[in-house]
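Step one of this worksheet: look at the structure below.
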Amino acid sequence: TADALMRDVARAARTVAWISDEAWSKVATSLNTGSNLLGWRSRERAPGLMVRDGQVYLEPNCDPSNKPEMVLEAANLATRKGARMARETHERLLARSPSPPDVWTDKIRQQFVELLGRGHDAILVIEALDHTGLWERFLPEWFGVRNKPQRNAYHRFTVDRHLLEATANAAALVDTVERPDLLLLGALLHDIGKGRPGDHTEVGMELIHEIGPRMGFDDADTAILVDMCRHHLLLPDVATRRDLTDETTISAVADAVGDQTRLHLLAALTEADSLATGPAAWGRWKAELVRELVRRVDHYLAGGDLAALASIEFPDAAQRA
């Protein structure tokens, strides 16, 4: 089928990219005479790990057999130092490091969120983990979206890369929300249902009902993650298709969203998701409409009178001219 062909092409291309990037990294290191060749090690900040020649290694005496978080610690160190995880490191972790427990510890969840918060620096590190099979240990549902093509002219990326790009964009918006951790996880999971039959939003919500508790989130936080998937298209759809001065429109969105915490998370997710989709999916016009919708719904949820809000004229005088 066409989808199978496109998936196979993407898989092959990523294998070529993995080998090519590793080879050129070694070439660059061999030509470098900078201080990074001296290496880096800190038993306080990253016990059991070291950086040498631009790559992250496990120390020879490090035994990761009882440390499922060691994979994430190595990945975070790689992003902090602008390094790659050495192939030897991937192989040792794959062979010795255990899978995370049925319910994650706080430490594993914090390390996972920290990696997502590294933004675009984390994408290649995560894709390397996915290439060697380590990423799926933490998110088995990733199997369905890996290399999956998108039949949509707006989308630049396969589903898995789109989710990583959206998460990286969300990392730049964490100071706009009350729960940065939920923003990052919501961005990573908002399209996780696209790898399975059925409506991707409904399937994604069912998957997140299982993923949230496994990651150690309580029922309230899991419900927020589910709602982020449920409503990830709500704001752009309403903003671009409905009259934003109509109180019925605003009240309907407010009822769907429920509270200001979810509204702010959805606003940030909308921007991160749209930017990750492609240049045609986000622009000044759409951004202004979404911003105006969020402003009005936020005011409504706070108990304010919509009549007290000044309307933004569209098109304004300059645009008409």
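By convention in this document, the chains of the structure tokens carry letters A, B, ... by their order, each chain's residues are numbered from 1, and ligands are numbered from 1 in the order they are shown.
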
*Surrounding residues of region 211-223 of chain A excluding itself and chain neighbours under 3 positions, 8 Å, only C-alpha atoms, as a ChimeraX atom specification*: /A:102-106,109,182,207-208,226-227

May I have the residues from that selection written out with N, CA, C and O atoms, as a short mmCIF file (atom, residue, chain, number, x, y, z; two decimals), in the first residue's frame?
data_model
loop_
_atom_site.label_atom_id
_atom_site.label_comp_id
_atom_site.auth_asym_id
_atom_site.auth_seq_id
_atom_site.Cartn_x
_atom_site.Cartn_y
_atom_site.Cartn_z
N ASP A 102 5.96 -0.66 36.32
CA ASP A 102 4.59 -0.49 35.84
C ASP A 102 4.05 0.91 36.15
O ASP A 102 3.27 1.47 35.37
N VAL A 103 4.44 1.46 37.28
CA VAL A 103 4.14 2.85 37.62
C VAL A 103 5.48 3.56 37.86
O VAL A 103 6.26 3.13 38.71
N TRP A 104 5.73 4.59 37.09
CA TRP A 104 7.02 5.26 37.17
C TRP A 104 7.25 5.88 38.55
O TRP A 104 6.32 6.34 39.21
N THR A 105 8.53 5.92 38.91
CA THR A 105 8.91 6.68 40.10
C THR A 105 8.92 8.17 39.75
O THR A 105 8.94 8.56 38.58
N ASP A 106 8.93 9.01 40.79
CA ASP A 106 9.01 10.45 40.55
C ASP A 106 10.28 10.80 39.78
O ASP A 106 10.27 11.69 38.92
N ARG A 109 9.87 10.06 36.03
CA ARG A 109 8.98 11.05 35.41
C ARG A 109 9.67 12.41 35.28
O ARG A 109 9.56 13.08 34.25
N LEU A 182 2.66 19.12 32.20
CA LEU A 182 1.50 18.65 31.45
C LEU A 182 1.48 19.21 30.03
O LEU A 182 1.02 18.54 29.10
N LEU A 207 -5.80 5.83 24.93
CA LEU A 207 -4.41 5.49 25.24
C LEU A 207 -3.88 6.32 26.41
O LEU A 207 -3.18 5.80 27.28
N ILE A 208 -4.21 7.60 26.44
CA ILE A 208 -3.72 8.47 27.49
C ILE A 208 -4.31 8.10 28.85
O ILE A 208 -3.66 8.27 29.89
N VAL A 226 -5.91 13.98 29.03
CA VAL A 226 -6.96 13.46 28.15
C VAL A 226 -7.71 14.61 27.48
O VAL A 226 -7.98 14.58 26.26
N ASP A 227 -8.01 15.66 28.25
CA ASP A 227 -8.73 16.80 27.68
C ASP A 227 -7.88 17.56 26.67
O ASP A 227 -8.41 18.14 25.71
#

*DSSP on the backbone, then: every residue of region 128-159 of chain A marked alpha helix (DSSP H), written as a ChimeraX atom specification.*
/A:128-132,135-138,159

Cut-off 9 Å: closest region 73-104 of chain A/region 124-136 of chain A atom pairs per residue, using only C-alpha atoms, as JSON lines:
{"residue": "A:Ala75", "atom": "CA", "partner": "A:Val125", "partner_atom": "CA", "distance": 6.4}
{"residue": "A:Asn76", "atom": "CA", "partner": "A:Val125", "partner_atom": "CA", "distance": 8.7}
{"residue": "A:Ala78", "atom": "CA", "partner": "A:Val125", "partner_atom": "CA", "distance": 7.3}
{"residue": "A:Thr79", "atom": "CA", "partner": "A:Val125", "partner_atom": "CA", "distance": 7.2}
{"residue": "A:Ala83", "atom": "CA", "partner": "A:Val125", "partner_atom": "CA", "distance": 8.8}
{"residue": "A:Arg84", "atom": "CA", "partner": "A:Val125", "partner_atom": "CA", "distance": 6.9}
{"residue": "A:Met85", "atom": "CA", "partner": "A:Val125", "partner_atom": "CA", "distance": 7.4}
{"residue": "A:Arg87", "atom": "CA", "partner": "A:Thr132", "partner_atom": "CA", "distance": 9.0}
{"residue": "A:His90", "atom": "CA", "partner": "A:Thr132", "partner_atom": "CA", "distance": 6.8}
{"residue": "A:Glu91", "atom": "CA", "partner": "A:Thr132", "partner_atom": "CA", "distance": 8.0}
{"residue": "A:Leu93", "atom": "CA", "partner": "A:Leu134", "partner_atom": "CA", "distance": 8.0}
{"residue": "A:Leu94", "atom": "CA", "partner": "A:Leu134", "partner_atom": "CA", "distance": 6.5}
{"residue": "A:Ser99", "atom": "CA", "partner": "A:Leu134", "partner_atom": "CA", "distance": 8.8}

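Taking CA of Ala276 (chain A) as the reference point, CA of Glu165 (chain A) is found at 5.4 Å.
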
*Within 9 Å of region 112-119 of chain A, counting only C-alpha atoms, which residues qualify if same-chain residues fewer than 6 places away don't, as a PyMOL selection string?*
chain A and resi 69+72-73+75-76+79-80+126+138+164-165+167-172+174+180-182+184-185+188

*Could you pull out the strand (DSSP E) residues of region 44-283 of chain A from DSSP and send them as a list of chain:residue names?*
A:Leu49, A:Met50, A:Val51, A:Arg52, A:Gln55, A:Val56, A:Tyr57, A:Leu58, A:Arg84, A:Met85
